[in-house]
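Trainee: Just run29.pdb, nothing more (PDB, C-alpha atoms):
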```
ATOM      1  CA  MET A   1      -6.424 -26.108   2.289
ATOM      2  CA  ALA A   2      -8.211 -26.336  -1.068
ATOM      3  CA  GLU A   3      -8.596 -22.545  -1.147
ATOM      4  CA  LEU A   4      -4.901 -22.090  -0.396
ATOM      5  CA  GLY A   5      -3.936 -24.555  -3.132
ATOM      6  CA  ASN A   6      -6.114 -22.765  -5.684
ATOM      7  CA  SER A   7      -4.633 -19.397  -4.743
ATOM      8  CA  VAL A   8      -1.054 -20.652  -5.028
ATOM      9  CA  ASN A   9      -1.789 -22.227  -8.429
ATOM     10  CA  LYS A  10      -3.304 -18.962  -9.702
ATOM     11  CA  SER A  11      -0.151 -16.984  -8.938
ATOM     12  CA  ASN A  12       1.829 -15.424 -11.774
ATOM     13  CA  GLU A  13       5.562 -15.387 -12.234
ATOM     14  CA  SER A  14       6.645 -12.130 -10.630
ATOM     15  CA  ASP A  15       9.477 -10.700  -8.606
ATOM     16  CA  ALA A  16       9.342 -10.846  -4.845
ATOM     17  CA  GLY A  17       8.165  -8.004  -2.652
ATOM     18  CA  PRO A  18      10.115  -6.487   0.244
ATOM     19  CA  ASP A  19      10.041  -9.789   2.172
ATOM     20  CA  GLY A  20      11.981 -11.603  -0.584
ATOM     21  CA  VAL A  21       9.475 -14.504  -0.925
ATOM     22  CA  TYR A  22       8.727 -15.621  -4.505
ATOM     23  CA  HIS A  23       5.610 -17.337  -5.853
ATOM     24  CA  GLN A  24       7.852 -20.127  -7.183
ATOM     25  CA  PHE A  25       8.912 -20.828  -3.607
ATOM     26  CA  LEU A  26       5.297 -21.152  -2.445
ATOM     27  CA  ARG A  27       4.412 -23.515  -5.292
ATOM     28  CA  HIS A  28       7.129 -25.950  -4.193
ATOM     29  CA  LEU A  29       6.355 -26.017  -0.471
ATOM     30  CA  PRO A  30       5.769 -29.476   1.056
ATOM     31  CA  GLU A  31       2.338 -30.204   2.490
ATOM     32  CA  SER A  32       3.512 -29.754   6.086
ATOM     33  CA  CYS A  33       4.683 -26.204   5.294
ATOM     34  CA  LEU A  34       1.411 -25.442   3.521
ATOM     35  CA  HIS A  35      -0.481 -26.424   6.685
ATOM     36  CA  THR A  36       1.746 -24.070   8.686
ATOM     37  CA  LEU A  37       1.117 -21.289   6.151
ATOM     38  CA  LEU A  38      -2.628 -21.918   6.347
ATOM     39  CA  LYS A  39      -2.494 -21.594  10.156
ATOM     40  CA  LEU A  40      -0.698 -18.261   9.708
ATOM     41  CA  PHE A  41      -3.343 -17.032   7.259
ATOM     42  CA  ASN A  42      -6.177 -18.125   9.543
ATOM     43  CA  ASN A  43      -4.562 -16.295  12.464
ATOM     44  CA  ILE A  44      -4.239 -13.110  10.386
ATOM     45  CA  TRP A  45      -7.840 -13.472   9.221
ATOM     46  CA  THR A  46      -9.117 -14.035  12.775
ATOM     47  CA  THR A  47      -7.134 -11.285  14.481
ATOM     48  CA  GLY A  48      -7.031  -8.787  11.604
ATOM     49  CA  ALA A  49      -3.348  -8.149  12.358
ATOM     50  CA  ILE A  50      -1.586  -7.488   9.044
ATOM     51  CA  PRO A  51       2.217  -8.013   9.087
ATOM     52  CA  PRO A  52       3.981  -4.659   8.557
ATOM     53  CA  SER A  53       5.954  -5.975   5.562
ATOM     54  CA  TRP A  54       2.644  -6.710   3.809
ATOM     55  CA  ARG A  55       1.863  -2.997   3.835
ATOM     56  CA  GLU A  56       5.070  -2.196   1.970
ATOM     57  CA  ALA A  57       5.741  -2.170  -1.762
ATOM     58  CA  SER A  58       8.917  -1.869  -3.784
ATOM     59  CA  VAL A  59       8.171   0.383  -6.752
ATOM     60  CA  VAL A  60      10.275  -0.009  -9.887
ATOM     61  CA  PRO A  61       9.845   2.949 -12.294
ATOM     62  CA  ILE A  62       9.793   1.762 -15.926
ATOM     63  CA  PRO A  63      10.490   4.557 -18.470
ATOM     64  CA  LYS A  64       7.792   5.084 -21.070
ATOM     65  CA  PRO A  65       9.023   4.711 -24.662
ATOM     66  CA  ARG A  66       9.994   7.878 -26.517
ATOM     67  CA  LYS A  67       9.431  10.024 -23.429
ATOM     68  CA  ASP A  68      11.809  12.416 -21.673
ATOM     69  CA  PRO A  69      13.440  10.314 -18.906
ATOM     70  CA  SER A  70      14.225  13.433 -16.872
ATOM     71  CA  ASP A  71      10.489  13.939 -16.217
ATOM     72  CA  PRO A  72       9.284  11.696 -13.341
ATOM     73  CA  SER A  73       5.774  11.575 -14.818
ATOM     74  CA  ASN A  74       7.160   9.717 -17.851
ATOM     75  CA  TYR A  75       7.681   6.530 -15.856
ATOM     76  CA  ARG A  76       5.262   3.670 -15.332
ATOM     77  CA  PRO A  77       5.486   2.464 -11.715
ATOM     78  CA  ILE A  78       5.498  -1.292 -11.129
ATOM     79  CA  ALA A  79       4.727  -2.100  -7.488
ATOM     80  CA  LEU A  80       6.118  -5.336  -6.076
ATOM     81  CA  THR A  81       4.288  -6.491  -2.953
ATOM     82  CA  SER A  82       4.526  -9.560  -0.744
ATOM     83  CA  CYS A  83       3.685 -12.793  -2.574
ATOM     84  CA  LEU A  84       2.467 -14.220   0.732
ATOM     85  CA  CYS A  85       0.057 -11.315   1.060
ATOM     86  CA  LYS A  86      -1.144 -11.684  -2.537
ATOM     87  CA  THR A  87      -1.831 -15.365  -1.881
ATOM     88  CA  LEU A  88      -4.125 -14.512   1.035
ATOM     89  CA  GLU A  89      -5.641 -11.640  -0.960
ATOM     90  CA  ARG A  90      -6.723 -14.069  -3.690
ATOM     91  CA  MET A  91      -8.318 -16.361  -1.109
ATOM     92  CA  VAL A  92     -10.296 -13.480   0.397
ATOM     93  CA  ASN A  93     -11.190 -12.099  -3.030
ATOM     94  CA  ASP A  94     -12.493 -15.475  -4.259
ATOM     95  CA  ARG A  95     -14.839 -15.662  -1.292
ATOM     96  CA  LEU A  96     -15.981 -12.077  -1.755
ATOM     97  CA  VAL A  97     -16.615 -12.507  -5.497
ATOM     98  CA  HIS A  98     -18.547 -15.737  -4.837
ATOM     99  CA  VAL A  99     -20.916 -13.921  -2.470
ATOM    100  CA  LEU A 100     -21.281 -10.960  -4.836
ATOM    101  CA  ARG A 101     -22.191 -13.259  -7.732
ATOM    102  CA  SER A 102     -24.455 -15.609  -5.779
ATOM    103  CA  ARG A 103     -26.439 -12.658  -4.394
ATOM    104  CA  ASN A 104     -26.475 -10.816  -7.752
ATOM    105  CA  LEU A 105     -24.903  -7.769  -6.108
ATOM    106  CA  LEU A 106     -22.860  -6.774  -9.160
ATOM    107  CA  SER A 107     -24.334  -4.635 -11.900
ATOM    108  CA  ARG A 108     -25.100  -6.609 -15.058
ATOM    109  CA  VAL A 109     -23.235  -3.985 -17.128
ATOM    110  CA  GLN A 110     -20.018  -4.343 -15.149
ATOM    111  CA  CYS A 111     -17.555  -6.350 -17.217
ATOM    112  CA  SER A 112     -14.125  -5.766 -15.716
ATOM    113  CA  PHE A 113     -12.908  -7.989 -12.879
ATOM    114  CA  ARG A 114     -15.704 -10.503 -13.509
ATOM    115  CA  LYS A 115     -15.334 -14.115 -14.561
ATOM    116  CA  ASP A 116     -16.348 -14.805 -18.175
ATOM    117  CA  HIS A 117     -16.515 -11.052 -18.836
ATOM    118  CA  SER A 118     -14.168  -8.574 -20.457
ATOM    119  CA  THR A 119     -14.017  -4.866 -21.173
ATOM    120  CA  LEU A 120     -14.362  -5.940 -24.826
ATOM    121  CA  ASP A 121     -17.983  -6.763 -23.981
ATOM    122  CA  HIS A 122     -18.705  -3.041 -23.898
ATOM    123  CA  LEU A 123     -17.262  -2.588 -27.392
ATOM    124  CA  VAL A 124     -19.428  -5.418 -28.683
ATOM    125  CA  ARG A 125     -22.457  -3.861 -27.008
ATOM    126  CA  LEU A 126     -21.639  -0.493 -28.596
ATOM    127  CA  GLU A 127     -21.151  -2.043 -32.035
ATOM    128  CA  THR A 128     -24.485  -3.863 -31.756
ATOM    129  CA  PHE A 129     -26.224  -0.652 -30.762
ATOM    130  CA  ILE A 130     -24.728   1.218 -33.725
ATOM    131  CA  LYS A 131     -25.752  -1.487 -36.204
ATOM    132  CA  LYS A 132     -29.320  -1.361 -34.942
ATOM    133  CA  LEU A 133     -29.474   2.417 -35.496
ATOM    134  CA  LEU A 134     -27.833   2.477 -38.936
ATOM    135  CA  PRO A 135     -30.987   1.489 -40.891
ATOM    136  CA  GLU A 136     -32.892   4.224 -39.066
ATOM    137  CA  LYS A 137     -30.172   6.787 -39.796
ATOM    138  CA  SER A 138     -30.510   7.953 -36.225
ATOM    139  CA  LYS A 139     -27.954   9.958 -34.288
ATOM    140  CA  PHE A 140     -26.733   9.210 -30.836
ATOM    141  CA  TRP A 141     -24.041  10.354 -28.447
ATOM    142  CA  HIS A 142     -21.628   8.223 -26.503
ATOM    143  CA  PHE A 143     -19.007   9.283 -23.973
ATOM    144  CA  PHE A 144     -15.805   7.663 -22.748
ATOM    145  CA  PHE A 145     -14.277   8.640 -19.420
ATOM    146  CA  HIS A 146     -10.694   7.989 -18.436
ATOM    147  CA  LEU A 147      -9.961   8.207 -14.721
ATOM    148  CA  GLU A 148      -6.355   9.213 -14.255
ATOM    149  CA  LYS A 149      -4.605   7.325 -11.440
ATOM    150  CA  ALA A 150      -7.842   5.524 -10.605
ATOM    151  CA  TYR A 151      -6.235   3.139  -8.121
ATOM    152  CA  ASP A 152      -4.189   5.837  -6.417
ATOM    153  CA  THR A 153      -7.213   8.077  -5.871
ATOM    154  CA  THR A 154      -9.696   5.391  -4.792
ATOM    155  CA  TRP A 155     -11.786   6.521  -1.812
ATOM    156  CA  LYS A 156     -10.840   3.915   0.798
ATOM    157  CA  TYR A 157     -13.621   4.837   3.207
ATOM    158  CA  GLY A 158     -16.072   4.550   0.319
ATOM    159  CA  ILE A 159     -15.005   0.927  -0.244
ATOM    160  CA  LEU A 160     -15.836   0.044   3.352
ATOM    161  CA  LYS A 161     -19.065   2.031   3.175
ATOM    162  CA  ASP A 162     -20.166   0.090   0.078
ATOM    163  CA  LEU A 163     -19.367  -3.219   1.781
ATOM    164  CA  PHE A 164     -21.383  -2.184   4.838
ATOM    165  CA  GLU A 165     -24.355  -1.169   2.692
ATOM    166  CA  LEU A 166     -24.146  -4.566   0.965
ATOM    167  CA  ASP A 167     -24.529  -6.148   4.424
ATOM    168  CA  PHE A 168     -20.946  -7.356   4.812
ATOM    169  CA  ARG A 169     -20.025  -7.621   8.475
ATOM    170  CA  GLY A 170     -17.447  -9.341  10.637
ATOM    171  CA  ARG A 171     -13.916 -10.166   9.634
ATOM    172  CA  LEU A 172     -13.993  -9.133   5.974
ATOM    173  CA  PRO A 173     -14.346  -5.343   6.485
ATOM    174  CA  VAL A 174     -11.912  -5.514   9.425
ATOM    175  CA  PHE A 175      -9.321  -7.273   7.260
ATOM    176  CA  ILE A 176      -9.751  -4.797   4.392
ATOM    177  CA  SER A 177      -9.651  -1.782   6.714
ATOM    178  CA  ASN A 178      -6.429  -2.948   8.387
ATOM    179  CA  PHE A 179      -4.971  -3.898   5.021
ATOM    180  CA  LEU A 180      -5.472  -0.378   3.636
ATOM    181  CA  LYS A 181      -4.045   1.492   6.625
ATOM    182  CA  ASP A 182      -0.493   2.834   6.948
ATOM    183  CA  ARG A 183       0.751   1.619   3.601
ATOM    184  CA  HIS A 184       4.231   2.563   2.368
ATOM    185  CA  PHE A 185       6.229   2.140  -0.777
ATOM    186  CA  LYS A 186       9.926   2.233  -1.575
ATOM    187  CA  VAL A 187      11.019   3.599  -4.944
ATOM    188  CA  LYS A 188      14.083   2.042  -6.507
ATOM    189  CA  ALA A 189      16.091   4.282  -8.810
ATOM    190  CA  GLU A 190      19.417   3.482 -10.441
ATOM    191  CA  SER A 191      22.075   6.166 -10.435
ATOM    192  CA  GLY A 192      25.145   4.895 -12.182
ATOM    193  CA  ALA A 193      26.314   1.778 -10.319
ATOM    194  CA  THR A 194      24.435   2.593  -7.122
ATOM    195  CA  LEU A 195      20.866   1.823  -6.161
ATOM    196  CA  THR A 196      19.058   4.336  -4.034
ATOM    197  CA  ALA A 197      15.759   3.924  -2.273
ATOM    198  CA  GLY A 198      13.391   6.447  -0.775
ATOM    199  CA  TRP A 199      10.336   5.952   1.421
ATOM    200  CA  LYS A 200       7.033   7.700   1.113
ATOM    201  CA  LYS A 201       3.943   7.110   3.210
ATOM    202  CA  LEU A 202       0.670   6.613   1.394
ATOM    203  CA  ASN A 203      -2.406   8.499   2.492
ATOM    204  CA  SER A 204      -4.493   6.574   5.008
ATOM    205  CA  PHE A 205      -7.984   7.231   6.263
TER
END
```
Please render this file's structure as structure tokens.
Mentor:
Amino acid sequence: MAELGNSVNKSNESDAGPDGVYHQFLRHLPESCLHTLLKLFNNIWTTGAIPPSWREASVVPIPKPRKDPSDPSNYRPIALTSCLCKTLERMVNDRLVHVLRSRNLLSRVQCSFRKDHSTLDHLVRLETFIKKLLPEKSKFWHFFFHLEKAYDTTWKYGILKDLFELDFRGRLPVFISNFLKDRHFKVKAESGATLTAGWKKLNSF
């Protein structure tokens, strides 16, 4: 129950996913309903059966400023997924991160998605390195890589392979595998006074 409470309190104000459940609703549930929700989460965790609506996302395309709106690539997609699912995701993620940190399984130079770290750490490290070399008048090369659509092109099988090589077994890889399968999204696009929606199936492995 403590893990569920922490996850609910960490939630951000956001629109609901396809199931219509908002984070604000979860934060105002009475204790009896929270116990029922926890039983549901434990059943999903034990069986690995992900509700179909949790695999769906409503995508709202936001036009980029000063870009041609007739070009679909000039929109930034905002995906709205189930708040119930995101609540369980945070619970699972907190456990996973705890194990990764306690076993020192994360690289010391990884800064993103780590508590008390930031991508700004890399800039500070670079600045420090430059200042050390300035008195020596030395030259050095540095490279920056930008991965376009990094999340969309993530190798799903590779995620499970990494978890297996890190000795994760049991329900965690089963939950993640089922969570990543058969995902869909619905794109909302306004056309005058009407709202149209189209479905597209995401690649699964």
Trainee: Taking 6 positions as the minimum chain separation for residues in the same chain, which residues sit within 12 Å of Pro72 of chain A when counting only C-alpha atoms? Answer as a ChimeraX atom specification.
Mentor: /A:61-64,187,189
Trainee: For Leu96 of chain A, please output as an mmCIF file with C-alpha atoms, in the frame of the given file all residues within 12 Å (counting all atoms listed in the file; exclusion window: fewer than 2 positions along the same chain).
Mentor:
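Saved file part_11.cif follows:
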```
data_model
loop_
_atom_site.group_PDB
_atom_site.id
_atom_site.type_symbol
_atom_site.label_atom_id
_atom_site.label_comp_id
_atom_site.auth_asym_id
_atom_site.auth_seq_id
_atom_site.Cartn_x
_atom_site.Cartn_y
_atom_site.Cartn_z
ATOM 1 C CA GLU A 89 -5.641 -11.640 -0.960
ATOM 2 C CA ARG A 90 -6.723 -14.069 -3.690
ATOM 3 C CA MET A 91 -8.318 -16.361 -1.109
ATOM 4 C CA VAL A 92 -10.296 -13.480 0.397
ATOM 5 C CA ASN A 93 -11.190 -12.099 -3.030
ATOM 6 C CA ASP A 94 -12.493 -15.475 -4.259
ATOM 7 C CA HIS A 98 -18.547 -15.737 -4.837
ATOM 8 C CA VAL A 99 -20.916 -13.921 -2.470
ATOM 9 C CA LEU A 100 -21.281 -10.960 -4.836
ATOM 10 C CA ARG A 101 -22.191 -13.259 -7.732
ATOM 11 C CA SER A 102 -24.455 -15.609 -5.779
ATOM 12 C CA ARG A 103 -26.439 -12.658 -4.394
ATOM 13 C CA LEU A 105 -24.903 -7.769 -6.108
ATOM 14 C CA LEU A 106 -22.860 -6.774 -9.160
ATOM 15 C CA ARG A 114 -15.704 -10.503 -13.509
ATOM 16 C CA LEU A 163 -19.367 -3.219 1.781
ATOM 17 C CA LEU A 166 -24.146 -4.566 0.965
ATOM 18 C CA PHE A 168 -20.946 -7.356 4.812
ATOM 19 C CA ARG A 169 -20.025 -7.621 8.475
ATOM 20 C CA ARG A 171 -13.916 -10.166 9.634
ATOM 21 C CA LEU A 172 -13.993 -9.133 5.974
ATOM 22 C CA PRO A 173 -14.346 -5.343 6.485
ATOM 23 C CA ILE A 176 -9.751 -4.797 4.392
#
```
Trainee: Got a sec to resolve the PyMOL selection byres ((chain A and resi 60) around 6) on this structure and send the residues as an MDAnalysis selection string?
Mentor: chainID A and resid 59 61 77:78 188
Trainee: How would the residues just chosen look if you wrote them out with C-alpha atoms as a tab-separated table (two decimals), keeping the file's coordinate frame?
Mentor:
```
chain	number	residue	atom	x	y	z
A	59	VAL	CA	8.17	0.38	-6.75
A	61	PRO	CA	9.85	2.95	-12.29
A	77	PRO	CA	5.49	2.46	-11.72
A	78	ILE	CA	5.50	-1.29	-11.13
A	188	LYS	CA	14.08	2.04	-6.51
```
Trainee: Tell me which of A:Glu136, A:Glu56, A:Glu127, A:Glu165 sits closest to Lys186 of chain A, counting all atoms listed in the file.
Mentor: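 Checking each candidate against Lys186 of chain A, we get A:Glu56 as the closest.
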Trainee: Report the distance between atom CA of Arg55 of chain A and atom CA of Lys156 of chain A in Å, rounded to one decimal place.
Mentor: 14.8 Å
Trainee: How would you write, as a list in words, the residues chosen by the PyMOL selection byres ((chain A and resi 122) around 12) on this structure?
Mentor: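 Against this file, the PyMOL selection byres ((chain A and resi 122) around 12) returns the residues Arg108, Val109, Gln110, Cys111, Ser112, His117, Ser118, Thr119, Leu120, Asp121, Leu123, Val124, Arg125, Leu126, Glu127, Thr128, Phe129, His142 and Phe144 of chain A.
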Trainee: When you draw a straight line from atom CA of Phe164 of chain A to atom CA of Ser177 of chain A, how long is it in Å?
Mentor: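 Separation between atom CA of Phe164 of chain A and atom CA of Ser177 of chain A: 11.9 Å.
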Trainee: Suppose you want the space between atom CA of Phe185 of chain A and atom CA of Ser82 of chain A; what is it in Å?
Mentor: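 For atom CA of Phe185 of chain A relative to atom CA of Ser82 of chain A, the distance reads 11.8 Å.
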Trainee: Just checking: using all atoms listed in the file, which residue out of A:Gly17, A:Pro69, A:Pro30, A:Gly48 ends up closest to Lys86 of chain A?
Mentor: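 Using all atoms listed in the file, the shortest distance to Lys86 of chain A belongs to A:Gly17.
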Trainee: So, with all atoms listed in the file as the atoms that count, which of A:Val8, A:Ser14, A:Ser70, A:Met1 lies closest to His28 of chain A?
Mentor: A:Val8
Trainee: Show which residues sit within 9 Å of Phe41 of chain A, as a list in words. Count all atoms listed in the file, and ignore same-chain residues fewer than 5 positions away.
Mentor: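 Those residues are Thr36, Thr46 and Leu88 of chain A.
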Trainee: Which residue, A:Thr81, A:Arg183, A:Ser107, A:Thr47, has the smallest gap to Asp152 of chain A when you use all atoms listed in the file?
Mentor: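 Using all atoms listed in the file, the shortest distance to Asp152 of chain A belongs to A:Arg183.
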Trainee: Would you mind listing what lies within 12 Å of Glu31 of chain A as a PyMOL selection string, with only C-alpha atoms counted and same-chain residues fewer than 5 positions away left out?
Mentor: chain A and resi 1-2+4-5+26+36-38
Trainee: Determine the nearest neighbour of Pro18 of chain A from the options A:Cys85, A:Ala49, A:Asp182, A:Ile44, counting only C-alpha atoms.
Mentor: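 Among the listed residues, A:Cys85 lies closest to Pro18 of chain A.
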Trainee: Tell me which of A:Thr87, A:Ser32, A:Asn43, A:Ser53 sits closest to Asn12 of chain A, counting only C-alpha atoms.
Mentor: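 That would be A:Thr87, the residue with the smallest distance to Asn12 of chain A.
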Trainee: Can you sort out the box for segment 174-191 of chain A, edges along x, y and z, all listed atoms in, 5 Å on every side, with centre and edge lengths in Å to one decimal, as AutoDock Vina command-line options?
Mentor:
```
--center_x 5.1 --center_y -0.6 --center_z -0.5 --size_x 44.0 --size_y 23.4 --size_z 29.9
```
Trainee: List, as a list in words, every residue that the PyMOL selection byres ((chain A and resi 25) around 12) selects in the file provided.
Mentor: Val8, Asn9, Ser11, Glu13, Ser14, Asp15, Ala16, Gly20, Val21, Tyr22, His23, Gln24, Leu26, Arg27, His28, Leu29, Pro30, Cys33, Leu34, Cys83 and Leu84 of chain A
